[in-house]
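For reference, input-v3.txt (compact mmCIF, N, CA and C atoms):
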# COMPACT_ATOMS: atom_id res chain seq x y z
N MET A 1 -18.37 -26.35 -6.08
CA MET A 1 -19.50 -25.52 -6.43
C MET A 1 -19.54 -24.32 -5.47
N SER A 2 -19.61 -23.15 -5.99
CA SER A 2 -19.68 -21.95 -5.16
C SER A 2 -21.12 -21.45 -5.10
N ILE A 3 -21.44 -20.81 -3.97
CA ILE A 3 -22.79 -20.29 -3.79
C ILE A 3 -22.72 -18.77 -3.82
N ASN A 4 -23.54 -18.19 -4.63
CA ASN A 4 -23.65 -16.75 -4.72
C ASN A 4 -24.26 -16.23 -3.42
N ALA A 5 -23.74 -15.14 -2.88
CA ALA A 5 -24.23 -14.59 -1.61
C ALA A 5 -25.69 -14.18 -1.73
N TYR A 6 -26.10 -13.67 -2.88
CA TYR A 6 -27.49 -13.27 -3.08
C TYR A 6 -28.42 -14.48 -3.00
N ILE A 7 -28.05 -15.58 -3.64
CA ILE A 7 -28.86 -16.80 -3.62
C ILE A 7 -28.93 -17.34 -2.20
N LEU A 8 -27.83 -17.32 -1.47
CA LEU A 8 -27.82 -17.78 -0.09
C LEU A 8 -28.76 -16.95 0.78
N MET A 9 -28.76 -15.64 0.59
CA MET A 9 -29.66 -14.77 1.36
C MET A 9 -31.12 -15.03 1.01
N VAL A 10 -31.40 -15.30 -0.26
CA VAL A 10 -32.76 -15.62 -0.67
C VAL A 10 -33.21 -16.92 -0.02
N ILE A 11 -32.35 -17.93 0.01
CA ILE A 11 -32.69 -19.21 0.64
C ILE A 11 -32.94 -19.03 2.13
N ILE A 12 -32.09 -18.27 2.82
CA ILE A 12 -32.28 -18.01 4.25
C ILE A 12 -33.56 -17.22 4.49
N GLY A 13 -33.83 -16.23 3.65
CA GLY A 13 -35.07 -15.45 3.76
C GLY A 13 -36.31 -16.31 3.57
N CYS A 14 -36.27 -17.20 2.58
CA CYS A 14 -37.41 -18.10 2.35
C CYS A 14 -37.61 -19.03 3.53
N ALA A 15 -36.51 -19.50 4.11
CA ALA A 15 -36.62 -20.37 5.28
C ALA A 15 -37.26 -19.63 6.45
N LEU A 16 -36.87 -18.38 6.66
CA LEU A 16 -37.46 -17.59 7.74
C LEU A 16 -38.95 -17.32 7.50
N VAL A 17 -39.29 -16.95 6.27
CA VAL A 17 -40.69 -16.67 5.94
C VAL A 17 -41.54 -17.93 6.10
N THR A 18 -40.96 -19.08 5.85
CA THR A 18 -41.70 -20.33 6.01
C THR A 18 -41.80 -20.73 7.48
N MET A 19 -40.76 -20.54 8.25
CA MET A 19 -40.74 -20.99 9.64
C MET A 19 -41.51 -20.08 10.59
N ILE A 20 -41.45 -18.78 10.38
CA ILE A 20 -42.07 -17.84 11.32
C ILE A 20 -43.57 -18.10 11.52
N PRO A 21 -44.38 -18.25 10.46
CA PRO A 21 -45.81 -18.50 10.71
C PRO A 21 -46.08 -19.87 11.34
N ARG A 22 -45.14 -20.79 11.27
CA ARG A 22 -45.34 -22.10 11.85
C ARG A 22 -44.89 -22.17 13.31
N VAL A 23 -43.90 -21.38 13.68
CA VAL A 23 -43.34 -21.45 15.02
C VAL A 23 -43.98 -20.43 15.97
N VAL A 24 -44.23 -19.23 15.51
CA VAL A 24 -44.73 -18.16 16.38
C VAL A 24 -46.04 -18.52 17.07
N PRO A 25 -47.04 -19.11 16.38
CA PRO A 25 -48.27 -19.47 17.10
C PRO A 25 -48.03 -20.44 18.26
N PHE A 26 -47.13 -21.38 18.09
CA PHE A 26 -46.82 -22.31 19.19
C PHE A 26 -46.16 -21.58 20.35
N LEU A 27 -45.29 -20.63 20.07
CA LEU A 27 -44.64 -19.88 21.13
C LEU A 27 -45.64 -19.00 21.89
N VAL A 28 -46.59 -18.42 21.17
CA VAL A 28 -47.59 -17.55 21.79
C VAL A 28 -48.56 -18.36 22.65
N VAL A 29 -49.06 -19.48 22.11
CA VAL A 29 -50.07 -20.28 22.80
C VAL A 29 -49.48 -21.05 23.97
N ARG A 30 -48.18 -21.30 23.93
CA ARG A 30 -47.52 -22.06 24.99
C ARG A 30 -47.67 -21.39 26.35
N ASN A 31 -47.68 -20.06 26.37
CA ASN A 31 -47.68 -19.33 27.63
C ASN A 31 -49.06 -18.88 28.09
N ILE A 32 -50.12 -19.13 27.32
CA ILE A 32 -51.45 -18.72 27.73
C ILE A 32 -52.37 -19.94 27.72
N SER A 33 -53.44 -19.84 28.47
CA SER A 33 -54.42 -20.93 28.46
C SER A 33 -55.60 -20.49 27.60
N LEU A 34 -56.00 -21.35 26.69
CA LEU A 34 -57.08 -21.03 25.78
C LEU A 34 -58.41 -21.46 26.38
N PRO A 35 -59.48 -20.75 26.03
CA PRO A 35 -60.81 -21.14 26.52
C PRO A 35 -61.21 -22.51 25.97
N VAL A 36 -62.08 -23.19 26.69
CA VAL A 36 -62.52 -24.53 26.32
C VAL A 36 -63.13 -24.57 24.91
N PRO A 37 -64.00 -23.60 24.52
CA PRO A 37 -64.55 -23.67 23.16
C PRO A 37 -63.47 -23.59 22.07
N VAL A 38 -62.43 -22.81 22.31
CA VAL A 38 -61.34 -22.70 21.34
C VAL A 38 -60.58 -24.03 21.26
N LEU A 39 -60.32 -24.65 22.39
CA LEU A 39 -59.63 -25.94 22.40
C LEU A 39 -60.47 -27.01 21.70
N LYS A 40 -61.78 -26.97 21.93
CA LYS A 40 -62.66 -27.93 21.25
C LYS A 40 -62.63 -27.71 19.74
N TRP A 41 -62.68 -26.45 19.32
CA TRP A 41 -62.63 -26.12 17.90
C TRP A 41 -61.30 -26.56 17.30
N LEU A 42 -60.21 -26.32 17.99
CA LEU A 42 -58.89 -26.71 17.49
C LEU A 42 -58.73 -28.23 17.40
N SER A 43 -59.48 -28.98 18.19
CA SER A 43 -59.37 -30.44 18.13
C SER A 43 -59.87 -30.99 16.80
N TYR A 44 -60.69 -30.23 16.08
CA TYR A 44 -61.21 -30.69 14.79
C TYR A 44 -60.27 -30.38 13.62
N VAL A 45 -59.28 -29.56 13.83
CA VAL A 45 -58.39 -29.16 12.74
C VAL A 45 -57.65 -30.35 12.11
N PRO A 46 -57.02 -31.26 12.88
CA PRO A 46 -56.35 -32.39 12.24
C PRO A 46 -57.29 -33.26 11.43
N VAL A 47 -58.50 -33.48 11.91
CA VAL A 47 -59.47 -34.29 11.19
C VAL A 47 -59.85 -33.62 9.88
N CYS A 48 -60.05 -32.32 9.90
CA CYS A 48 -60.41 -31.59 8.69
C CYS A 48 -59.28 -31.62 7.66
N ILE A 49 -58.06 -31.45 8.12
CA ILE A 49 -56.92 -31.47 7.20
C ILE A 49 -56.76 -32.84 6.58
N LEU A 50 -56.85 -33.89 7.39
CA LEU A 50 -56.73 -35.25 6.88
C LEU A 50 -57.83 -35.56 5.88
N THR A 51 -59.07 -35.16 6.21
CA THR A 51 -60.19 -35.39 5.30
C THR A 51 -59.98 -34.67 3.97
N ALA A 52 -59.52 -33.44 4.02
CA ALA A 52 -59.28 -32.70 2.78
C ALA A 52 -58.20 -33.37 1.93
N LEU A 53 -57.14 -33.84 2.56
CA LEU A 53 -56.08 -34.51 1.82
C LEU A 53 -56.55 -35.83 1.21
N VAL A 54 -57.32 -36.59 1.97
CA VAL A 54 -57.78 -37.89 1.48
C VAL A 54 -58.80 -37.72 0.35
N VAL A 55 -59.77 -36.84 0.54
CA VAL A 55 -60.81 -36.65 -0.47
C VAL A 55 -60.21 -36.09 -1.75
N LYS A 56 -59.23 -35.21 -1.62
CA LYS A 56 -58.58 -34.64 -2.81
C LYS A 56 -57.94 -35.74 -3.64
N ASP A 57 -57.34 -36.72 -3.00
CA ASP A 57 -56.68 -37.80 -3.74
C ASP A 57 -57.65 -38.85 -4.24
N CYS A 58 -58.84 -38.92 -3.66
CA CYS A 58 -59.83 -39.91 -4.09
C CYS A 58 -60.59 -39.47 -5.34
N MET A 59 -60.52 -38.20 -5.66
CA MET A 59 -61.27 -37.67 -6.80
C MET A 59 -60.31 -37.21 -7.90
N ILE A 60 -60.74 -37.42 -9.15
CA ILE A 60 -59.98 -36.96 -10.30
C ILE A 60 -60.86 -36.01 -11.09
N GLN A 61 -60.39 -34.79 -11.31
CA GLN A 61 -61.15 -33.83 -12.07
C GLN A 61 -60.55 -33.71 -13.46
N SER A 62 -61.38 -33.94 -14.46
CA SER A 62 -60.94 -33.77 -15.84
C SER A 62 -62.03 -33.03 -16.59
N ASN A 63 -61.66 -31.93 -17.18
CA ASN A 63 -62.60 -31.04 -17.87
C ASN A 63 -63.73 -30.66 -16.92
N ASP A 64 -64.97 -31.07 -17.25
CA ASP A 64 -66.11 -30.71 -16.41
C ASP A 64 -66.63 -31.89 -15.59
N SER A 65 -65.89 -32.99 -15.56
CA SER A 65 -66.37 -34.17 -14.84
C SER A 65 -65.48 -34.48 -13.64
N LEU A 66 -66.08 -35.16 -12.71
CA LEU A 66 -65.38 -35.58 -11.50
C LEU A 66 -65.56 -37.09 -11.37
N THR A 67 -64.45 -37.81 -11.34
CA THR A 67 -64.52 -39.27 -11.25
C THR A 67 -63.76 -39.74 -10.02
N VAL A 68 -64.03 -40.97 -9.64
CA VAL A 68 -63.40 -41.56 -8.46
C VAL A 68 -62.10 -42.23 -8.87
N ASN A 69 -61.05 -41.99 -8.11
CA ASN A 69 -59.77 -42.69 -8.30
C ASN A 69 -59.88 -44.02 -7.56
N TRP A 70 -60.16 -45.09 -8.28
CA TRP A 70 -60.46 -46.37 -7.66
C TRP A 70 -59.26 -46.97 -6.94
N GLN A 71 -58.06 -46.73 -7.44
CA GLN A 71 -56.87 -47.26 -6.74
C GLN A 71 -56.79 -46.71 -5.33
N VAL A 72 -56.95 -45.43 -5.20
CA VAL A 72 -56.87 -44.79 -3.88
C VAL A 72 -58.03 -45.23 -3.01
N THR A 73 -59.22 -45.32 -3.59
CA THR A 73 -60.39 -45.70 -2.81
C THR A 73 -60.28 -47.14 -2.30
N VAL A 74 -59.74 -48.04 -3.12
CA VAL A 74 -59.57 -49.43 -2.70
C VAL A 74 -58.60 -49.53 -1.54
N VAL A 75 -57.57 -48.72 -1.53
CA VAL A 75 -56.59 -48.74 -0.43
C VAL A 75 -57.12 -47.99 0.78
N LEU A 76 -57.95 -47.00 0.56
CA LEU A 76 -58.47 -46.18 1.65
C LEU A 76 -59.30 -46.99 2.64
N VAL A 77 -60.12 -47.90 2.15
CA VAL A 77 -61.02 -48.65 3.03
C VAL A 77 -60.25 -49.49 4.06
N PRO A 78 -59.30 -50.37 3.64
CA PRO A 78 -58.57 -51.12 4.67
C PRO A 78 -57.69 -50.24 5.55
N THR A 79 -57.19 -49.15 5.00
CA THR A 79 -56.37 -48.25 5.80
C THR A 79 -57.21 -47.59 6.90
N LEU A 80 -58.43 -47.18 6.56
CA LEU A 80 -59.32 -46.61 7.58
C LEU A 80 -59.68 -47.64 8.64
N LEU A 81 -59.90 -48.87 8.23
CA LEU A 81 -60.19 -49.93 9.20
C LEU A 81 -59.01 -50.16 10.14
N ILE A 82 -57.81 -50.15 9.60
CA ILE A 82 -56.60 -50.30 10.41
C ILE A 82 -56.46 -49.12 11.37
N ALA A 83 -56.77 -47.91 10.87
CA ALA A 83 -56.68 -46.72 11.72
C ALA A 83 -57.67 -46.79 12.88
N MET A 84 -58.89 -47.25 12.59
CA MET A 84 -59.89 -47.35 13.66
C MET A 84 -59.54 -48.45 14.65
N LYS A 85 -58.94 -49.52 14.17
CA LYS A 85 -58.59 -50.64 15.05
C LYS A 85 -57.38 -50.30 15.94
N THR A 86 -56.31 -49.78 15.31
CA THR A 86 -55.07 -49.56 16.06
C THR A 86 -55.00 -48.19 16.73
N LYS A 87 -55.66 -47.19 16.16
CA LYS A 87 -55.57 -45.80 16.63
C LYS A 87 -54.13 -45.32 16.70
N SER A 88 -53.32 -45.83 15.78
CA SER A 88 -51.91 -45.47 15.72
C SER A 88 -51.62 -44.82 14.37
N LEU A 89 -51.10 -43.59 14.42
CA LEU A 89 -50.79 -42.88 13.19
C LEU A 89 -49.71 -43.59 12.39
N SER A 90 -48.67 -44.06 13.07
CA SER A 90 -47.58 -44.72 12.35
C SER A 90 -48.04 -46.01 11.69
N MET A 91 -48.85 -46.81 12.40
CA MET A 91 -49.36 -48.06 11.79
C MET A 91 -50.28 -47.75 10.61
N THR A 92 -51.07 -46.70 10.72
CA THR A 92 -51.98 -46.32 9.65
C THR A 92 -51.19 -45.90 8.41
N VAL A 93 -50.20 -45.04 8.61
CA VAL A 93 -49.40 -44.56 7.48
C VAL A 93 -48.62 -45.70 6.84
N ILE A 94 -47.98 -46.52 7.65
CA ILE A 94 -47.20 -47.64 7.11
C ILE A 94 -48.09 -48.60 6.35
N SER A 95 -49.24 -48.95 6.92
CA SER A 95 -50.13 -49.88 6.23
C SER A 95 -50.67 -49.28 4.95
N GLY A 96 -51.00 -48.00 4.95
CA GLY A 96 -51.48 -47.34 3.74
C GLY A 96 -50.43 -47.32 2.64
N VAL A 97 -49.20 -47.03 3.01
CA VAL A 97 -48.12 -47.00 2.03
C VAL A 97 -47.87 -48.40 1.47
N VAL A 98 -47.83 -49.40 2.35
CA VAL A 98 -47.60 -50.78 1.90
C VAL A 98 -48.74 -51.27 1.01
N LEU A 99 -49.99 -50.97 1.40
CA LEU A 99 -51.12 -51.38 0.58
C LEU A 99 -51.10 -50.70 -0.79
N MET A 100 -50.79 -49.42 -0.83
CA MET A 100 -50.75 -48.71 -2.11
C MET A 100 -49.60 -49.22 -2.97
N ALA A 101 -48.45 -49.48 -2.36
CA ALA A 101 -47.32 -50.02 -3.12
C ALA A 101 -47.66 -51.41 -3.67
N GLY A 102 -48.31 -52.23 -2.84
CA GLY A 102 -48.71 -53.56 -3.30
C GLY A 102 -49.71 -53.48 -4.43
N LEU A 103 -50.67 -52.59 -4.32
CA LEU A 103 -51.67 -52.45 -5.39
C LEU A 103 -51.03 -51.96 -6.69
N ARG A 104 -50.15 -50.98 -6.59
CA ARG A 104 -49.48 -50.47 -7.80
C ARG A 104 -48.54 -51.50 -8.40
N LEU A 105 -47.94 -52.35 -7.57
CA LEU A 105 -47.08 -53.41 -8.07
C LEU A 105 -47.92 -54.49 -8.78
N TRP A 106 -49.08 -54.76 -8.20
CA TRP A 106 -49.95 -55.80 -8.73
C TRP A 106 -50.66 -55.37 -10.01
N VAL A 107 -51.07 -54.09 -10.08
CA VAL A 107 -51.85 -53.60 -11.24
C VAL A 107 -50.95 -53.09 -12.32
What does this structure look like when you write it as C-alpha cells?
Amino acid sequence: MSINAYILMVIIGCALVTMIPRVVPFLVVRNISLPVPVLKWLSYVPVCILTALVVKDCMIQSNDSLTVNWQVTVVLVPTLLIAMKTKSLSMTVISGVVLMAGLRLWV
C-alpha cells in the first residue's frame, strides 16, 4: 500500500494541530508558579470533566424528553462507592468496566 504525500502531510498537520494545544500549556505552566486561587480553581477541572462525562451517559435524550439510562445508573452507584472507598482511579475504572460488562452480559 502506498501513501500519497498529500495525505501524509494532512495526517502530520492534524497531529500537530491536535498536540500543540495540549502540550504548550504544560510547557508554559511548568516554568512559572501560579497563584493559589488559580491552583484551587484548576483543582476542580477533573471533577467537572468527570461529572459531565458521567451525567451525559446517564441521560438519554429522545425528541423532547429526557430519560434515565438505567443500565448506566445501576453500574454508576457501586462504581462510585468503590471510588470513594479505594480512591484509586485504576480500581474505579476496572470495576466500572467489569460491572458494565457483567450487566450487559446478564441482560
Legend entry - Nearest to Leu89 (chain A), chosen from A:Val45, A:Val74, A:Leu50, A:Cys58, with only C-alpha atoms counted in the distances: A:Leu50
Inset, instruction - Work out how far apart CA of Lys40 (chain A) and CA of Leu76 (chain A) are and give it in Å to one decimal. - result: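 For CA of Lys40 (chain A) relative to CA of Leu76 (chain A), the distance reads 27.1 Å.
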Inset, instruction - For Met100 (chain A), list every protein, DNA or RNA residue within 8 Å, evaluated using all atoms listed in the file, and leave out those in the same chain fewer than 2 positions away; present the list as a list in words. - result: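 Returned residues: Gln71, Val72, Val74, Val75, Leu76, Ile94, Ser95, Gly96, Val97, Val98, Gly102, Leu103, Arg104, Leu105 and Trp106 of chain A.
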Written file, previous selection with N, CA and C atoms, as a short mmCIF file (atom, residue, chain, number, x, y, z; two decimals), keeping the file's coordinate frame:
data_model
loop_
_atom_site.label_atom_id
_atom_site.label_comp_id
_atom_site.auth_asym_id
_atom_site.auth_seq_id
_atom_site.Cartn_x
_atom_site.Cartn_y
_atom_site.Cartn_z
N GLN A 71 -58.06 -46.73 -7.44
CA GLN A 71 -56.87 -47.26 -6.74
C GLN A 71 -56.79 -46.71 -5.33
N VAL A 72 -56.95 -45.43 -5.20
CA VAL A 72 -56.87 -44.79 -3.88
C VAL A 72 -58.03 -45.23 -3.01
N VAL A 74 -59.74 -48.04 -3.12
CA VAL A 74 -59.57 -49.43 -2.70
C VAL A 74 -58.60 -49.53 -1.54
N VAL A 75 -57.57 -48.72 -1.53
CA VAL A 75 -56.59 -48.74 -0.43
C VAL A 75 -57.12 -47.99 0.78
N LEU A 76 -57.95 -47.00 0.56
CA LEU A 76 -58.47 -46.18 1.65
C LEU A 76 -59.30 -46.99 2.64
N ILE A 94 -47.98 -46.52 7.65
CA ILE A 94 -47.20 -47.64 7.11
C ILE A 94 -48.09 -48.60 6.35
N SER A 95 -49.24 -48.95 6.92
CA SER A 95 -50.13 -49.88 6.23
C SER A 95 -50.67 -49.28 4.95
N GLY A 96 -51.00 -48.00 4.95
CA GLY A 96 -51.48 -47.34 3.74
C GLY A 96 -50.43 -47.32 2.64
N VAL A 97 -49.20 -47.03 3.01
CA VAL A 97 -48.12 -47.00 2.03
C VAL A 97 -47.87 -48.40 1.47
N VAL A 98 -47.83 -49.40 2.35
CA VAL A 98 -47.60 -50.78 1.90
C VAL A 98 -48.74 -51.27 1.01
N GLY A 102 -48.31 -52.23 -2.84
CA GLY A 102 -48.71 -53.56 -3.30
C GLY A 102 -49.71 -53.48 -4.43
N LEU A 103 -50.67 -52.59 -4.32
CA LEU A 103 -51.67 -52.45 -5.39
C LEU A 103 -51.03 -51.96 -6.69
N ARG A 104 -50.15 -50.98 -6.59
CA ARG A 104 -49.48 -50.47 -7.80
C ARG A 104 -48.54 -51.50 -8.40
N LEU A 105 -47.94 -52.35 -7.57
CA LEU A 105 -47.08 -53.41 -8.07
C LEU A 105 -47.92 -54.49 -8.78
N TRP A 106 -49.08 -54.76 -8.20
CA TRP A 106 -49.95 -55.80 -8.73
C TRP A 106 -50.66 -55.37 -10.01
#
Inset, instruction - Could you please write out, as a PyMOL selection string, every residue of region 16-62 of chain A that DSSP assigns to helix (DSSP H, G or I)? - result: chain A and resi 16-30+36-43+45-58
Using DSSP on the backbone, list every residue of chain A that comes out as strand (DSSP E or B), and give them as a PDB file with N, CA and C atoms, in the frame of the given file.
ATOM      1  N   MET A  59     -60.520 -38.200  -5.660  1.00  0.00           N
ATOM      2  CA  MET A  59     -61.270 -37.670  -6.800  1.00  0.00           C
ATOM      3  C   MET A  59     -60.310 -37.210  -7.900  1.00  0.00           C
ATOM      4  N   ILE A  60     -60.740 -37.420  -9.150  1.00  0.00           N
ATOM      5  CA  ILE A  60     -59.980 -36.960 -10.300  1.00  0.00           C
ATOM      6  C   ILE A  60     -60.860 -36.010 -11.090  1.00  0.00           C
ATOM      7  N   GLN A  61     -60.390 -34.790 -11.310  1.00  0.00           N
ATOM      8  CA  GLN A  61     -61.150 -33.830 -12.070  1.00  0.00           C
ATOM      9  C   GLN A  61     -60.550 -33.710 -13.460  1.00  0.00           C
ATOM     10  N   SER A  62     -61.380 -33.940 -14.460  1.00  0.00           N
ATOM     11  CA  SER A  62     -60.940 -33.770 -15.840  1.00  0.00           C
ATOM     12  C   SER A  62     -62.030 -33.030 -16.590  1.00  0.00           C
ATOM     13  N   SER A  65     -65.890 -32.990 -15.560  1.00  0.00           N
ATOM     14  CA  SER A  65     -66.370 -34.170 -14.840  1.00  0.00           C
ATOM     15  C   SER A  65     -65.480 -34.480 -13.640  1.00  0.00           C
ATOM     16  N   LEU A  66     -66.080 -35.160 -12.710  1.00  0.00           N
ATOM     17  CA  LEU A  66     -65.380 -35.580 -11.500  1.00  0.00           C
ATOM     18  C   LEU A  66     -65.560 -37.090 -11.370  1.00  0.00           C
ATOM     19  N   THR A  67     -64.450 -37.810 -11.340  1.00  0.00           N
ATOM     20  CA  THR A  67     -64.520 -39.270 -11.250  1.00  0.00           C
ATOM     21  C   THR A  67     -63.760 -39.740 -10.020  1.00  0.00           C
ATOM     22  N   VAL A  68     -64.030 -40.970  -9.640  1.00  0.00           N
ATOM     23  CA  VAL A  68     -63.400 -41.560  -8.460  1.00  0.00           C
ATOM     24  C   VAL A  68     -62.100 -42.230  -8.870  1.00  0.00           C
TER      25      VAL A  68
END
Inset, instruction - Provide the CA of Trp41 (chain A) to atom C of Val55 (chain A) distance in Å, to one decimal place. - result: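 Between these atoms lies a distance of 22.2 Å.
Put simply, atom C of Met59 (chain A) is 9.9 Å away from CA of Thr73 (chain A).
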Legend entry - Nearest to Val54 (chain A), chosen from A:Val77, A:Thr67, A:Leu42, A:Val28, with only C-alpha atoms counted in the distances: A:Val77
Grab all the atoms of region 90-99 of chain A that the file lists, wrap them in a box along x, y and z, add 3 Å per side, and give me centre plus edge lengths in Å (one decimal) as AutoDock Vina command-line options.
--center_x -49.6 --center_y -47.7 --center_z 6.1 --size_x 10.8 --size_y 13.3 --size_z 19.9
